[in-house]
$ cat upload.txt   # compact mmCIF, N, CA and C atoms
# COMPACT_ATOMS: atom_id res chain seq x y z
N MET A 1 -139.62 74.60 -71.91
CA MET A 1 -139.83 74.89 -70.52
C MET A 1 -138.48 75.15 -69.86
N LYS A 2 -138.32 76.33 -69.27
CA LYS A 2 -137.08 76.67 -68.59
C LYS A 2 -137.25 76.52 -67.09
N SER A 3 -136.13 76.21 -66.43
CA SER A 3 -136.17 75.93 -65.00
C SER A 3 -135.18 76.78 -64.23
N CYS A 4 -135.48 76.93 -62.95
CA CYS A 4 -134.64 77.70 -62.03
C CYS A 4 -134.60 76.98 -60.70
N CYS A 5 -133.44 77.05 -60.03
CA CYS A 5 -133.34 76.54 -58.67
C CYS A 5 -132.80 77.65 -57.77
N PHE A 6 -132.85 77.39 -56.48
CA PHE A 6 -132.43 78.35 -55.47
C PHE A 6 -131.37 77.73 -54.59
N LEU A 7 -130.27 78.45 -54.39
CA LEU A 7 -129.17 77.98 -53.55
C LEU A 7 -128.66 79.16 -52.73
N GLY A 8 -128.44 78.93 -51.45
CA GLY A 8 -127.92 80.02 -50.66
C GLY A 8 -127.68 79.65 -49.22
N HIS A 9 -127.28 80.65 -48.47
CA HIS A 9 -127.03 80.47 -47.05
C HIS A 9 -128.33 80.20 -46.30
N LYS A 10 -128.20 79.60 -45.14
CA LYS A 10 -129.40 79.30 -44.34
C LYS A 10 -130.12 80.57 -43.91
N LYS A 11 -129.38 81.59 -43.56
CA LYS A 11 -129.98 82.85 -43.10
C LYS A 11 -130.30 83.73 -44.30
N TYR A 12 -131.51 84.31 -44.28
CA TYR A 12 -131.91 85.23 -45.35
C TYR A 12 -132.74 86.34 -44.72
N PRO A 13 -132.32 87.59 -44.88
CA PRO A 13 -133.03 88.69 -44.24
C PRO A 13 -134.44 88.88 -44.81
N ALA A 14 -135.41 89.02 -43.94
CA ALA A 14 -136.81 89.19 -44.35
C ALA A 14 -136.99 90.41 -45.25
N GLU A 15 -136.19 91.44 -45.04
CA GLU A 15 -136.34 92.65 -45.85
C GLU A 15 -135.93 92.44 -47.32
N LYS A 16 -135.33 91.31 -47.63
CA LYS A 16 -134.93 91.02 -49.00
C LYS A 16 -136.00 90.21 -49.76
N GLU A 17 -137.16 90.01 -49.15
CA GLU A 17 -138.22 89.25 -49.81
C GLU A 17 -138.64 89.92 -51.12
N THR A 18 -138.75 91.23 -51.14
CA THR A 18 -139.16 91.94 -52.35
C THR A 18 -138.15 91.74 -53.48
N ALA A 19 -136.87 91.77 -53.15
CA ALA A 19 -135.83 91.55 -54.17
C ALA A 19 -135.97 90.15 -54.76
N LEU A 20 -136.23 89.15 -53.91
CA LEU A 20 -136.42 87.78 -54.38
C LEU A 20 -137.66 87.68 -55.26
N GLN A 21 -138.74 88.28 -54.82
CA GLN A 21 -139.97 88.24 -55.60
C GLN A 21 -139.78 88.92 -56.97
N ASN A 22 -139.10 90.05 -56.99
CA ASN A 22 -138.86 90.77 -58.25
C ASN A 22 -138.01 89.93 -59.21
N GLU A 23 -137.01 89.24 -58.67
CA GLU A 23 -136.15 88.41 -59.52
C GLU A 23 -136.93 87.23 -60.10
N ILE A 24 -137.77 86.62 -59.30
CA ILE A 24 -138.58 85.50 -59.79
C ILE A 24 -139.57 85.99 -60.85
N ARG A 25 -140.22 87.10 -60.60
CA ARG A 25 -141.14 87.67 -61.60
C ARG A 25 -140.42 87.94 -62.93
N ALA A 26 -139.23 88.52 -62.84
CA ALA A 26 -138.46 88.82 -64.05
C ALA A 26 -138.13 87.54 -64.82
N LEU A 27 -137.78 86.48 -64.11
CA LEU A 27 -137.49 85.21 -64.78
C LEU A 27 -138.74 84.66 -65.47
N ILE A 28 -139.87 84.75 -64.82
CA ILE A 28 -141.12 84.26 -65.41
C ILE A 28 -141.51 85.10 -66.62
N GLU A 29 -141.51 86.40 -66.47
CA GLU A 29 -142.01 87.29 -67.51
C GLU A 29 -141.02 87.50 -68.66
N ASN A 30 -139.74 87.57 -68.36
CA ASN A 30 -138.75 87.91 -69.39
C ASN A 30 -137.99 86.72 -69.95
N GLN A 31 -137.88 85.64 -69.18
CA GLN A 31 -137.09 84.48 -69.62
C GLN A 31 -137.94 83.22 -69.81
N ASN A 32 -139.24 83.34 -69.59
CA ASN A 32 -140.17 82.21 -69.74
C ASN A 32 -139.83 81.02 -68.84
N VAL A 33 -139.35 81.30 -67.65
CA VAL A 33 -139.10 80.24 -66.68
C VAL A 33 -140.43 79.89 -66.03
N ASN A 34 -140.75 78.60 -66.01
CA ASN A 34 -142.01 78.20 -65.37
C ASN A 34 -141.88 76.96 -64.48
N ARG A 35 -140.67 76.48 -64.29
CA ARG A 35 -140.45 75.35 -63.39
C ARG A 35 -139.38 75.78 -62.38
N PHE A 36 -139.67 75.55 -61.10
CA PHE A 36 -138.78 75.98 -60.04
C PHE A 36 -138.51 74.83 -59.08
N TYR A 37 -137.23 74.71 -58.70
CA TYR A 37 -136.79 73.70 -57.74
C TYR A 37 -136.26 74.42 -56.50
N VAL A 38 -136.73 73.99 -55.34
CA VAL A 38 -136.30 74.61 -54.09
C VAL A 38 -135.99 73.53 -53.07
N GLY A 39 -134.99 73.78 -52.24
CA GLY A 39 -134.61 72.84 -51.18
C GLY A 39 -135.40 73.09 -49.91
N THR A 40 -134.95 72.50 -48.82
CA THR A 40 -135.69 72.57 -47.56
C THR A 40 -134.81 72.94 -46.37
N HIS A 41 -133.71 73.62 -46.62
CA HIS A 41 -132.78 73.87 -45.52
C HIS A 41 -132.49 75.36 -45.35
N GLY A 42 -133.23 76.00 -44.50
CA GLY A 42 -132.92 77.38 -44.16
C GLY A 42 -133.94 78.40 -44.62
N GLU A 43 -133.69 79.63 -44.19
CA GLU A 43 -134.60 80.73 -44.45
C GLU A 43 -134.70 81.09 -45.93
N PHE A 44 -133.59 80.98 -46.66
CA PHE A 44 -133.64 81.32 -48.08
C PHE A 44 -134.56 80.36 -48.83
N ASP A 45 -134.45 79.07 -48.55
CA ASP A 45 -135.34 78.09 -49.18
C ASP A 45 -136.79 78.35 -48.81
N ARG A 46 -137.05 78.62 -47.55
CA ARG A 46 -138.43 78.88 -47.12
C ARG A 46 -139.00 80.13 -47.78
N MET A 47 -138.18 81.17 -47.85
CA MET A 47 -138.65 82.41 -48.48
C MET A 47 -138.94 82.17 -49.95
N ALA A 48 -138.06 81.47 -50.65
CA ALA A 48 -138.29 81.17 -52.07
C ALA A 48 -139.58 80.38 -52.24
N TYR A 49 -139.78 79.37 -51.40
CA TYR A 49 -140.98 78.54 -51.47
C TYR A 49 -142.24 79.39 -51.21
N THR A 50 -142.18 80.26 -50.23
CA THR A 50 -143.32 81.12 -49.91
C THR A 50 -143.65 82.05 -51.07
N VAL A 51 -142.64 82.70 -51.61
CA VAL A 51 -142.84 83.62 -52.74
C VAL A 51 -143.41 82.87 -53.95
N LEU A 52 -142.83 81.72 -54.25
CA LEU A 52 -143.31 80.93 -55.39
C LEU A 52 -144.77 80.53 -55.22
N ASN A 53 -145.16 80.14 -54.03
CA ASN A 53 -146.55 79.75 -53.80
C ASN A 53 -147.50 80.93 -53.97
N CYS A 54 -147.07 82.12 -53.58
CA CYS A 54 -147.89 83.31 -53.80
C CYS A 54 -148.02 83.62 -55.29
N LEU A 55 -146.94 83.43 -56.02
CA LEU A 55 -146.96 83.73 -57.46
C LEU A 55 -147.73 82.70 -58.27
N LYS A 56 -147.99 81.53 -57.70
CA LYS A 56 -148.78 80.51 -58.41
C LYS A 56 -150.19 81.00 -58.71
N ASP A 57 -150.67 81.97 -57.93
CA ASP A 57 -151.99 82.54 -58.19
C ASP A 57 -152.00 83.43 -59.42
N GLU A 58 -150.84 83.98 -59.77
CA GLU A 58 -150.73 84.90 -60.92
C GLU A 58 -150.21 84.24 -62.18
N TYR A 59 -149.36 83.25 -62.02
CA TYR A 59 -148.66 82.65 -63.16
C TYR A 59 -148.87 81.14 -63.17
N GLU A 60 -148.75 80.57 -64.35
CA GLU A 60 -148.77 79.11 -64.47
C GLU A 60 -147.34 78.61 -64.30
N ILE A 61 -147.01 78.28 -63.07
CA ILE A 61 -145.66 77.81 -62.75
C ILE A 61 -145.76 76.49 -61.99
N GLU A 62 -144.70 75.72 -62.08
CA GLU A 62 -144.57 74.47 -61.33
C GLU A 62 -143.51 74.68 -60.26
N VAL A 63 -143.83 74.25 -59.04
CA VAL A 63 -142.91 74.39 -57.92
C VAL A 63 -142.67 73.01 -57.33
N TYR A 64 -141.40 72.62 -57.29
CA TYR A 64 -141.02 71.32 -56.75
C TYR A 64 -140.06 71.50 -55.58
N VAL A 65 -140.37 70.88 -54.48
CA VAL A 65 -139.47 70.85 -53.34
C VAL A 65 -138.63 69.59 -53.49
N VAL A 66 -137.32 69.78 -53.58
CA VAL A 66 -136.41 68.66 -53.78
C VAL A 66 -135.83 68.26 -52.43
N LEU A 67 -136.14 67.02 -52.03
CA LEU A 67 -135.74 66.53 -50.72
C LEU A 67 -134.32 65.98 -50.75
N ALA A 68 -133.61 66.18 -49.65
CA ALA A 68 -132.28 65.59 -49.49
C ALA A 68 -132.37 64.28 -48.71
N TYR A 69 -133.41 64.17 -47.91
CA TYR A 69 -133.60 62.98 -47.07
C TYR A 69 -135.05 62.53 -47.19
N LEU A 70 -135.27 61.26 -47.33
CA LEU A 70 -136.63 60.71 -47.40
C LEU A 70 -137.27 60.58 -46.04
N ASP A 71 -136.49 60.30 -45.04
CA ASP A 71 -137.05 59.98 -43.74
C ASP A 71 -137.19 61.17 -42.79
N ARG A 72 -136.95 62.37 -43.27
CA ARG A 72 -137.08 63.56 -42.41
C ARG A 72 -138.16 64.46 -42.98
N GLU A 73 -139.14 64.75 -42.16
CA GLU A 73 -140.23 65.59 -42.61
C GLU A 73 -140.12 66.97 -42.01
N ASP A 74 -140.46 67.97 -42.79
CA ASP A 74 -140.55 69.34 -42.32
C ASP A 74 -141.99 69.76 -42.61
N CYS A 75 -142.75 70.02 -41.56
CA CYS A 75 -144.18 70.30 -41.75
C CYS A 75 -144.42 71.55 -42.59
N TYR A 76 -143.43 72.42 -42.71
CA TYR A 76 -143.59 73.62 -43.54
C TYR A 76 -143.86 73.24 -45.00
N TYR A 77 -143.31 72.12 -45.45
CA TYR A 77 -143.44 71.69 -46.84
C TYR A 77 -144.42 70.54 -47.01
N LYS A 78 -145.28 70.30 -46.03
CA LYS A 78 -146.13 69.10 -46.05
C LYS A 78 -147.09 69.05 -47.23
N ASP A 79 -147.52 70.18 -47.77
CA ASP A 79 -148.44 70.20 -48.91
C ASP A 79 -147.73 70.38 -50.25
N ALA A 80 -146.42 70.35 -50.23
CA ALA A 80 -145.63 70.61 -51.44
C ALA A 80 -145.58 69.39 -52.35
N THR A 81 -145.38 69.68 -53.63
CA THR A 81 -145.05 68.62 -54.58
C THR A 81 -143.56 68.37 -54.43
N THR A 82 -143.19 67.15 -54.07
CA THR A 82 -141.80 66.86 -53.75
C THR A 82 -141.16 65.91 -54.76
N ILE A 83 -139.84 66.02 -54.81
CA ILE A 83 -139.02 65.13 -55.63
C ILE A 83 -137.93 64.58 -54.71
N PHE A 84 -137.70 63.29 -54.80
CA PHE A 84 -136.54 62.69 -54.13
C PHE A 84 -135.73 62.02 -55.22
N PRO A 85 -134.62 62.64 -55.65
CA PRO A 85 -133.82 62.10 -56.75
C PRO A 85 -133.31 60.69 -56.47
N ASP A 86 -133.39 59.83 -57.48
CA ASP A 86 -132.93 58.44 -57.35
C ASP A 86 -131.49 58.36 -56.86
N GLU A 87 -130.64 59.29 -57.33
CA GLU A 87 -129.23 59.23 -56.97
C GLU A 87 -128.96 59.47 -55.49
N LEU A 88 -129.97 59.89 -54.75
CA LEU A 88 -129.79 60.09 -53.31
C LEU A 88 -130.15 58.85 -52.49
N THR A 89 -130.69 57.84 -53.13
CA THR A 89 -131.17 56.65 -52.42
C THR A 89 -130.10 56.04 -51.54
N ASN A 90 -128.89 55.89 -52.01
CA ASN A 90 -127.81 55.28 -51.24
C ASN A 90 -126.73 56.27 -50.82
N THR A 91 -127.07 57.55 -50.82
CA THR A 91 -126.11 58.59 -50.45
C THR A 91 -126.04 58.73 -48.93
N PRO A 92 -124.85 58.72 -48.36
CA PRO A 92 -124.74 58.96 -46.92
C PRO A 92 -125.30 60.34 -46.55
N PRO A 93 -125.96 60.46 -45.41
CA PRO A 93 -126.60 61.72 -45.03
C PRO A 93 -125.69 62.95 -45.10
N ARG A 94 -124.42 62.79 -44.78
CA ARG A 94 -123.54 63.97 -44.78
C ARG A 94 -123.29 64.53 -46.18
N PHE A 95 -123.58 63.75 -47.24
CA PHE A 95 -123.41 64.23 -48.61
C PHE A 95 -124.74 64.53 -49.30
N ALA A 96 -125.85 64.30 -48.62
CA ALA A 96 -127.17 64.37 -49.25
C ALA A 96 -127.53 65.78 -49.73
N ILE A 97 -127.26 66.79 -48.94
CA ILE A 97 -127.64 68.15 -49.35
C ILE A 97 -126.83 68.56 -50.57
N ARG A 98 -125.55 68.29 -50.56
CA ARG A 98 -124.70 68.65 -51.71
C ARG A 98 -125.18 67.94 -52.98
N LYS A 99 -125.51 66.65 -52.85
CA LYS A 99 -125.96 65.88 -54.01
C LYS A 99 -127.33 66.35 -54.48
N ARG A 100 -128.20 66.71 -53.54
CA ARG A 100 -129.50 67.27 -53.89
C ARG A 100 -129.32 68.58 -54.66
N ASN A 101 -128.40 69.41 -54.20
CA ASN A 101 -128.13 70.67 -54.89
C ASN A 101 -127.57 70.42 -56.29
N ASP A 102 -126.72 69.41 -56.43
CA ASP A 102 -126.22 69.03 -57.76
C ASP A 102 -127.39 68.71 -58.69
N TYR A 103 -128.34 67.94 -58.19
CA TYR A 103 -129.52 67.58 -58.97
C TYR A 103 -130.26 68.84 -59.44
N MET A 104 -130.48 69.78 -58.52
CA MET A 104 -131.21 71.00 -58.88
C MET A 104 -130.45 71.81 -59.93
N ILE A 105 -129.14 71.92 -59.76
CA ILE A 105 -128.32 72.65 -60.73
C ILE A 105 -128.41 71.99 -62.10
N ASN A 106 -128.28 70.67 -62.13
CA ASN A 106 -128.30 69.94 -63.40
C ASN A 106 -129.64 70.05 -64.13
N HIS A 107 -130.70 70.33 -63.41
CA HIS A 107 -132.02 70.40 -64.02
C HIS A 107 -132.51 71.84 -64.21
N SER A 108 -131.61 72.80 -64.10
CA SER A 108 -131.98 74.21 -64.20
C SER A 108 -131.07 74.96 -65.18
N GLU A 109 -131.64 75.96 -65.82
CA GLU A 109 -130.85 76.88 -66.62
C GLU A 109 -130.44 78.10 -65.80
N TYR A 110 -131.25 78.42 -64.79
CA TYR A 110 -131.03 79.60 -63.95
C TYR A 110 -130.86 79.17 -62.49
N VAL A 111 -130.02 79.92 -61.77
CA VAL A 111 -129.85 79.71 -60.34
C VAL A 111 -129.99 81.07 -59.67
N VAL A 112 -130.94 81.18 -58.76
CA VAL A 112 -131.05 82.37 -57.93
C VAL A 112 -130.37 82.02 -56.61
N ALA A 113 -129.40 82.85 -56.24
CA ALA A 113 -128.56 82.55 -55.08
C ALA A 113 -128.62 83.67 -54.05
N TYR A 114 -128.25 83.31 -52.84
CA TYR A 114 -128.01 84.29 -51.80
C TYR A 114 -126.67 83.91 -51.15
N ILE A 115 -125.62 84.56 -51.64
CA ILE A 115 -124.25 84.26 -51.21
C ILE A 115 -123.60 85.55 -50.70
N ASN A 116 -123.07 85.49 -49.49
CA ASN A 116 -122.37 86.64 -48.91
C ASN A 116 -120.94 86.34 -48.52
N THR A 117 -120.51 85.10 -48.71
CA THR A 117 -119.14 84.72 -48.33
C THR A 117 -118.70 83.53 -49.18
N PRO A 118 -117.41 83.45 -49.48
CA PRO A 118 -116.93 82.29 -50.23
C PRO A 118 -116.67 81.08 -49.32
N PHE A 119 -116.85 81.24 -48.02
CA PHE A 119 -116.53 80.17 -47.07
C PHE A 119 -117.78 79.38 -46.71
N SER A 120 -118.36 78.72 -47.72
CA SER A 120 -119.58 77.95 -47.46
C SER A 120 -119.78 76.91 -48.55
N ASN A 121 -120.57 75.91 -48.23
CA ASN A 121 -120.94 74.92 -49.23
C ASN A 121 -121.83 75.53 -50.30
N ALA A 122 -122.63 76.51 -49.93
CA ALA A 122 -123.48 77.19 -50.91
C ALA A 122 -122.62 77.84 -52.00
N PHE A 123 -121.52 78.46 -51.60
CA PHE A 123 -120.63 79.08 -52.58
C PHE A 123 -120.02 78.01 -53.49
N LYS A 124 -119.66 76.85 -52.93
CA LYS A 124 -119.12 75.77 -53.75
C LYS A 124 -120.14 75.31 -54.78
N ASN A 125 -121.41 75.25 -54.38
CA ASN A 125 -122.46 74.90 -55.33
C ASN A 125 -122.58 75.95 -56.44
N ILE A 126 -122.45 77.20 -56.07
CA ILE A 126 -122.55 78.27 -57.07
C ILE A 126 -121.38 78.20 -58.05
N GLN A 127 -120.19 77.92 -57.54
CA GLN A 127 -119.04 77.75 -58.43
C GLN A 127 -119.30 76.63 -59.43
N GLN A 128 -119.90 75.55 -58.97
CA GLN A 128 -120.24 74.45 -59.86
C GLN A 128 -121.25 74.90 -60.91
N ALA A 129 -122.25 75.65 -60.50
CA ALA A 129 -123.26 76.15 -61.45
C ALA A 129 -122.61 77.03 -62.51
N ILE A 130 -121.68 77.86 -62.11
CA ILE A 130 -120.98 78.74 -63.06
C ILE A 130 -120.16 77.90 -64.04
N ARG A 131 -119.46 76.88 -63.53
CA ARG A 131 -118.68 76.00 -64.41
C ARG A 131 -119.59 75.30 -65.43
N LYS A 132 -120.81 75.00 -65.02
CA LYS A 132 -121.76 74.34 -65.92
C LYS A 132 -122.52 75.34 -66.80
N ARG A 133 -122.07 76.59 -66.74
CA ARG A 133 -122.61 77.67 -67.57
C ARG A 133 -124.08 77.96 -67.31
N LYS A 134 -124.48 77.84 -66.06
CA LYS A 134 -125.82 78.24 -65.65
C LYS A 134 -125.82 79.75 -65.45
N ILE A 135 -126.94 80.37 -65.61
CA ILE A 135 -127.05 81.80 -65.35
C ILE A 135 -127.35 81.96 -63.87
N VAL A 136 -126.40 82.58 -63.16
CA VAL A 136 -126.49 82.72 -61.71
C VAL A 136 -126.78 84.17 -61.35
N ILE A 137 -127.80 84.35 -60.56
CA ILE A 137 -128.22 85.67 -60.09
C ILE A 137 -128.07 85.67 -58.57
N ASN A 138 -127.12 86.46 -58.06
CA ASN A 138 -126.87 86.48 -56.62
C ASN A 138 -127.56 87.68 -55.99
N LEU A 139 -128.41 87.41 -55.01
CA LEU A 139 -129.09 88.47 -54.27
C LEU A 139 -128.28 88.92 -53.06
N GLY A 140 -127.16 88.26 -52.81
CA GLY A 140 -126.28 88.64 -51.70
C GLY A 140 -125.31 89.73 -52.11
N ASP A 141 -124.49 90.12 -51.16
CA ASP A 141 -123.56 91.23 -51.36
C ASP A 141 -122.19 90.78 -51.90
N PHE A 142 -121.95 89.49 -51.95
CA PHE A 142 -120.65 88.98 -52.38
C PHE A 142 -120.62 88.85 -53.89
N ASP A 143 -119.51 89.26 -54.51
CA ASP A 143 -119.33 89.12 -55.96
C ASP A 143 -118.96 87.68 -56.27
N ILE A 144 -119.87 86.94 -56.90
CA ILE A 144 -119.62 85.52 -57.19
C ILE A 144 -118.77 85.33 -58.42
N GLY A 145 -118.55 86.38 -59.19
CA GLY A 145 -117.62 86.30 -60.30
C GLY A 145 -118.25 86.14 -61.66
N SER A 146 -119.53 85.74 -61.76
CA SER A 146 -120.14 85.54 -63.07
C SER A 146 -121.64 85.48 -62.93
N ARG A 147 -122.32 85.88 -63.97
CA ARG A 147 -123.78 85.72 -64.03
C ARG A 147 -124.14 84.69 -65.07
N GLY A 148 -123.18 83.96 -65.58
CA GLY A 148 -123.49 82.90 -66.55
C GLY A 148 -123.21 83.27 -67.97

$ encode --input "upload.txt" --output "structure tokens"
Amino acid sequence: MKSCCFLGHKKYPAEKETALQNEIRALIENQNVNRFYVGTHGEFDRMAYTVLNCLKDEYEIEVYVVLAYLDREDCYYKDATTIFPDELTNTPPRFAIRKRNDYMINHSEYVVAYINTPFSNAFKNIQQAIRKRKIVINLGDFDIGSRG
């Protein structure tokens, strides 16, 4: 069973939904990816979650929303299958998203990203994924330096 996570900037243009859907389909059909981890912070996460839920009707895939905080609810994900990693239990809130992203990277072979600038925490997460030899697919315009 192969896994993929999603990391990117909070803003994600709606017109890029087709590109995201095509990339996810390619991972399912060509790389046998059937487990997906998605966060809860921003338009890119929401778009990934929406696309994945639509594709669940066509493919046998597992979709997990990985929470950074236990005590904060987002009604958009209320029906989702969620994971709260044990390592976040005593993590201060200001480090929770980064640590949650670490968890998703560590549990994935593939990372679909939306990166347009190196001046972000999302880019730092992508650099970490590249160092860990994950296959990174960037849907943004910035050259991240490697596809894994």

$ residues_around --input "upload.txt" --residues "Tyr110 of chain A" --least-positions-apart "5" --cutoff "5 Å" --atoms "only N, CA and C atoms" --output "list in words"
Ser3, Cys4, Cys5 and Ile135 of chain A

$ write_last_selection --input "upload.txt" --atoms "N, CA and C atoms" --output "short mmCIF file (atom, residue, chain, number, x, y, z; two decimals), in the coordinates of the input"
data_model
loop_
_atom_site.label_atom_id
_atom_site.label_comp_id
_atom_site.auth_asym_id
_atom_site.auth_seq_id
_atom_site.Cartn_x
_atom_site.Cartn_y
_atom_site.Cartn_z
N SER A 3 -136.13 76.21 -66.43
CA SER A 3 -136.17 75.93 -65.00
C SER A 3 -135.18 76.78 -64.23
N CYS A 4 -135.48 76.93 -62.95
CA CYS A 4 -134.64 77.70 -62.03
C CYS A 4 -134.60 76.98 -60.70
N CYS A 5 -133.44 77.05 -60.03
CA CYS A 5 -133.34 76.54 -58.67
C CYS A 5 -132.80 77.65 -57.77
N ILE A 135 -126.94 80.37 -65.61
CA ILE A 135 -127.05 81.80 -65.35
C ILE A 135 -127.35 81.96 -63.87
#

$ closest_atom_pairs --input "upload.txt" --of "segment 34-54 of chain A" --to "segment 7-12 of chain A" --cutoff "6 Å" --atoms "all atoms listed in the file" --output "CSV"
residue,atom,partner,partner_atom,distance
A:His41,C,A:Lys10,CA,5.1
A:Gly42,CA,A:Lys10,CA,4.0
A:Glu43,N,A:Lys10,C,3.7
A:Phe44,N,A:Lys10,C,4.4

$ select_by_dssp --input "upload.txt" --residues "chain A" --states "helix (DSSP H, G or I)" --output "PyMOL selection string"
chain A and resi 14-31+43-55+75-77+86-88+93-106+121-131

$ atom_distance --input "upload.txt" --atom1 "atom C of Val63 of chain A" --atom2 "atom N of Thr89 of chain A"
19.8 Å

$ select_by_dssp --input "upload.txt" --residues "segment 29-125 of chain A" --states "strand (DSSP E or B)" --output "VMD selection string"
chain A and resid 33 to 38 62 to 66 82 to 83 110 to 114

$ closest_residue --input "upload.txt" --among "A:Gly39, A:Ile144, A:Ala68, A:Phe123" --to "Phe95 of chain A" --atoms "only N, CA and C atoms"
A:Ala68

$ closest_residue --input "upload.txt" --among "A:Asn34, A:Tyr59, A:Ala129, A:Pro92" --to "Asn106 of chain A" --atoms "only N, CA and C atoms"
A:Ala129

$ residues_around --input "upload.txt" --residues "Asn121 of chain A" --least-positions-apart "3" --cutoff "8 Å" --atoms "all atoms listed in the file" --output "list in words"
Gly8, His9, Arg98, Thr117, Pro118, Lys124, Asn125, Ile126 and Gln127 of chain A

$ atom_distance --input "upload.txt" --atom1 "atom N of Cys75 of chain A" --atom2 "atom C of Val111 of chain A"
24.8 Å

$ atom_distance --input "upload.txt" --atom1 "atom N of Asp79 of chain A" --atom2 "atom N of Arg100 of chain A"
20.5 Å

$ closest_residue --input "upload.txt" --among "A:Val136, A:Ile83, A:Leu27, A:Ile130" --to "Val66 of chain A" --atoms "all atoms listed in the file"
A:Ile83

$ closest_residue --input "upload.txt" --among "A:Tyr64, A:Tyr103, A:Tyr76, A:Tyr69" --to "Tyr37 of chain A" --atoms "all atoms listed in the file"
A:Tyr64

$ closest_residue --input "upload.txt" --among "A:Gln21, A:Thr82, A:Asn116, A:Asn90" --to "Asp141 of chain A" --atoms "only N, CA and C atoms"
A:Asn116

$ residues_around --input "upload.txt" --residues "Leu52 of chain A" --least-positions-apart "2" --cutoff "8 Å" --atoms "only N, CA and C atoms" --output "ChimeraX atom specification"
/A:20-21,24,46-50,54-57,61-63

$ closest_residue --input "upload.txt" --among "A:Ile115, A:Met1, A:Val51, A:Ala80" --to "Gln31 of chain A" --atoms "only C-alpha atoms"
A:Met1

$ axis_aligned_box --input "upload.txt" --around "segment 50-66 of chain A" --padding-each-side "4 Å" --output "JSON"
{"center_x": -143.9, "center_y": 76.6, "center_z": -57.2, "size_x": 24.2, "size_y": 24.6, "size_z": 22.6}
